[in-house]
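See below for the structure under consideration.
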Amino acid sequence: MARIATQRESVVETACPLDCPDACTLAVSIDRGKVVEIDGTHKNPVTGGYICAKVRKFGERVYGPDRILYPGLRRGAKGDGTFKRIPWDEALALVAEKFTHAKAEAGAESILPYSYGGSNGLLTQDNLDAQLWRRFGTSRLARTVCAAPTGAANQGLYGKMAGVTYQDYPHAKLIVLWRVNPSASGIHLVPFVREAQKHGAKLVVVDPRITSSAYAADLHMPIRPGTDVVLALALHRYLFAGGHTNEQFIREHTRGAEQLRERAEPWTIAKAAEVCGVSAADVERFAELYASTSPALIRCGWGLERNRNGGSAAAAVLALPAVGGKFGVRGGGYSMSNSGVWNINRTWIDAEEPQTRLVNMNHLGRALTEYADPPVNVLFVYNCNPAATVPDQHRILRGLAREDLFTVVFEQVMTDTARYADLVLPATTFLEGYDFAKAYGPITMDLGRPVIDAVGEARSNADVFGELCGRLGLLTDNEPSGELDLMVRILDELPGTIGKDLREGAVPSPPFGPTPIQFVDVFPNTPDRKVDLFPAALESEAKAGLYRFQPDPATADYPLALISPSSDRTISSTLGELPRTDVKLQMNPGDAGARGLADGDIVRVFNDLGEVHCALAVDDAIRPGTVSLPKGLWRRSCRNGFTGTALVPDTLTDFAGGACFNDARVQVASVPVA
């Protein structure tokens, strides 16, 4: 039941920019200048007036005990998280001094800016911050911890062509949810899938766990982590060998089909079933369903990229609609990310990217402990929490503990990373500033507006980076130097009528409309407008070659695959500070019984990199040989102060330099009673 508003209460509308495909429009109730309730509005017709529980609780972050309210200078040991309050002027003067000194002593590449932009719109990422790093000449960061392999595959095959949007799912007769769990990471897709099922659509779910979508599926494929490429290639072989391809479409609209056919040829249904750990009958049923059904729609998620075969897996899955002839009808084709369909070039930033050192963000631990020419002497972290979310946690923590490293963390709350800072700077949340919220499931955009004044002395990204640019002499006349003038500049330079629509409170739409049909309204953004089924650049970059399967890294000592799926509690690690029930490792009953473990036991999950202590949940919803810890945990969430990233190697995906979270191989045993 909706709460009854008081007379003093007002309702302010804004939009959610957090890292979710949906970009809900929000109604925020304010009483005496404070947020008292967050709900949805119907301005975005796709999100339909309801929002996730995560955002409903966002006020607890805004006013919670972990909120950083003032600039603070470290006192005590790194990692203790104790700071002395200092004025903003002193804090920014210190940053400018450290930057200038580092550049003079070892060159500007000894400064490493470290960020990730999933929960940021056009205003709060890659604007004045990018201008600062480029003009000062710092090391560059390859932001590859998420979506790099899938993005590279989509770019290589289709040039990131617009995908099928939520509204067209009810037109599909077959929906494949491939390594995506919308109940946890995009809830507004769920009713559109259910509507399609009511109309008779079949649902296939590819996931090692029985998620809520898998429970509702006609066919669940609980494959082994890292084998998605094998399953997809088996489907390709079935399509090619059985005459289920659209040869005219392949001739007219693709290139590279023969090379793909050659790579798929070894993967018979029987061989694929053995490698994937599922029945041959289910693989064949999947292949038959996909071959015979139209419109057929594949929702390609991000779970399939988080391993050594991640790029090839994404490419093989995305290639299926072209080989199977599923384009050209409403509700047919694929969907993944529509983040790039607006064709927005950041023309308002006049700073070329220099060819300075490029650091893969998954190698932060190595950068902080091994780089020597020059070493990383200054680290500036914002928009992310690498101490909890990036592979090789122990090495990262060792690096952050260096006394000769000066670390600035510009953050909303006292994260695990912020506790290691020498200087913390308080950042505004999306409820305290402007931003442009772009959906990447539906094709919508809205202007997020501040609904409350900044809490404490929090400042926006644009204001802080603008002032740092000014202090370092990196601004020229008439350039934006803060949030408001940057927002106006962006509105003026957005293409078409987007800026005008946003100013007037309307929902802008791209030229092809909000619900494009692939190969009718939109075509590949490749040079010849064809699907490149075997991109030469990806073949050259892929470690074993494109569409090649690299075997499981399991050993006799560490036979279990650890996965870290999205949860319904956090957005990456955002909101991970909020109280939660015991974190539990999910394990199949057969695996638990073989180790003498029972539900509720306190266990250690371990390998040569580290160990995590937590409770055990014995559950047949996860396949044998696989165990699961939720994504986004903070160190306080687990009993020994380490998260699943302590067990994840910093190895990289086959191409695009992505993280291999699901290549962690572990053993599980009980924690001895003291």
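Residues in the structure tokens are named by chain (A, B, ... in the order shown) and by number from 1 within that chain; ligands are numbered from 1 in the order shown.
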Can I get the residues of region 520-555 of chain A within 9 Å of region 205-229 of chain A, each with the closest pair of atoms and their distance in Å to one decimal, using only C-alpha atoms, sorted chain first then ascending number, as a Markdown table?
| residue | atom | partner | partner_atom | distance |
| --- | --- | --- | --- | --- |
| A:Tyr547 | CA | A:Val229 | CA | 6.9 |
| A:Arg548 | CA | A:Val229 | CA | 8.0 |
| A:Phe549 | CA | A:Val229 | CA | 6.9 |
| A:Gln550 | CA | A:Gly226 | CA | 8.6 |
| A:Pro551 | CA | A:Gly226 | CA | 8.5 |
| A:Asp552 | CA | A:Gly226 | CA | 7.3 |
Counting only C-alpha atoms, which residues of region 383-439 of chain A fall within 9 Å of region 85-109 of chain A, and what is the closest atom pair for each with its distance in Å at one decimal, ordered by chain and rising number, as a tab-separated table?
residue	atom	partner	partner_atom	distance
A:Phe406	CA	A:Lys98	CA	7.9
A:Val408	CA	A:Val95	CA	7.8
A:Leu423	CA	A:Ala91	CA	7.6
A:Val424	CA	A:Ala91	CA	8.6
A:Leu425	CA	A:Ala91	CA	7.9
At a cut-off of 10 Å, using only C-alpha atoms, what residues contact Arg135 (chain A)? Leave out same-chain residues fewer than 5 positions from it and give the result as a PyMOL selection string.
chain A and resi 130+350-354+469+472-475
Residues of region 274-367 of chain A at most 7 Å from region 430-442 of chain A: nearest atom pair and distance in Å, only C-alpha atoms, as a Markdown table:
| residue | atom | partner | partner_atom | distance |
| --- | --- | --- | --- | --- |
| A:Ser337 | CA | A:Tyr440 | CA | 5.1 |
| A:Asn338 | CA | A:Tyr440 | CA | 4.3 |
| A:Ser339 | CA | A:Tyr440 | CA | 4.6 |
Keeping N, CA, C and O atoms, export the residues of the selection given above as a compact mmCIF listing (two decimals), in the first residue's frame.
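For reference, selection_15.txt as written:
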# COMPACT_ATOMS: atom_id res chain seq x y z
N SER A 337 23.28 -5.11 -25.35
CA SER A 337 23.35 -3.74 -24.82
C SER A 337 23.03 -2.75 -25.93
O SER A 337 23.60 -2.83 -27.03
N ASN A 338 22.14 -1.83 -25.63
CA ASN A 338 21.81 -0.75 -26.56
C ASN A 338 22.47 0.57 -26.15
O ASN A 338 22.01 1.64 -26.54
N SER A 339 23.56 0.47 -25.39
CA SER A 339 24.17 1.69 -24.86
C SER A 339 24.75 2.58 -25.94
O SER A 339 24.87 3.79 -25.76
Would you please extract all strand (DSSP E) residues from region 395-490 of chain A, as assigned by DSSP on the backbone, and give them as an MDAnalysis selection string?
chainID A and resid 406:411 423:426 435:438 445:448
Counting only C-alpha atoms, which residues in region 391-480 of chain A sit no more than 8 Å from region 646-651 of chain A? For each one, give the nearest pair of atoms and the distance in Å, sorted by chain then residue number, as JSON lines.
{"residue": "A:Pro391", "atom": "CA", "partner": "A:Val648", "partner_atom": "CA", "distance": 5.1}
{"residue": "A:Asp392", "atom": "CA", "partner": "A:Ala646", "partner_atom": "CA", "distance": 5.4}
{"residue": "A:Gln393", "atom": "CA", "partner": "A:Ala646", "partner_atom": "CA", "distance": 4.4}
{"residue": "A:His394", "atom": "CA", "partner": "A:Ala646", "partner_atom": "CA", "distance": 5.9}
Which neighbours of Ala53 (chain A) fall inside 9 Å, counting only C-alpha atoms, when residues of the same chain fewer than 5 positions from it are skipped, and could you give them as a list of chain:residue names?
A:Phe58, A:Asp568, A:Arg569
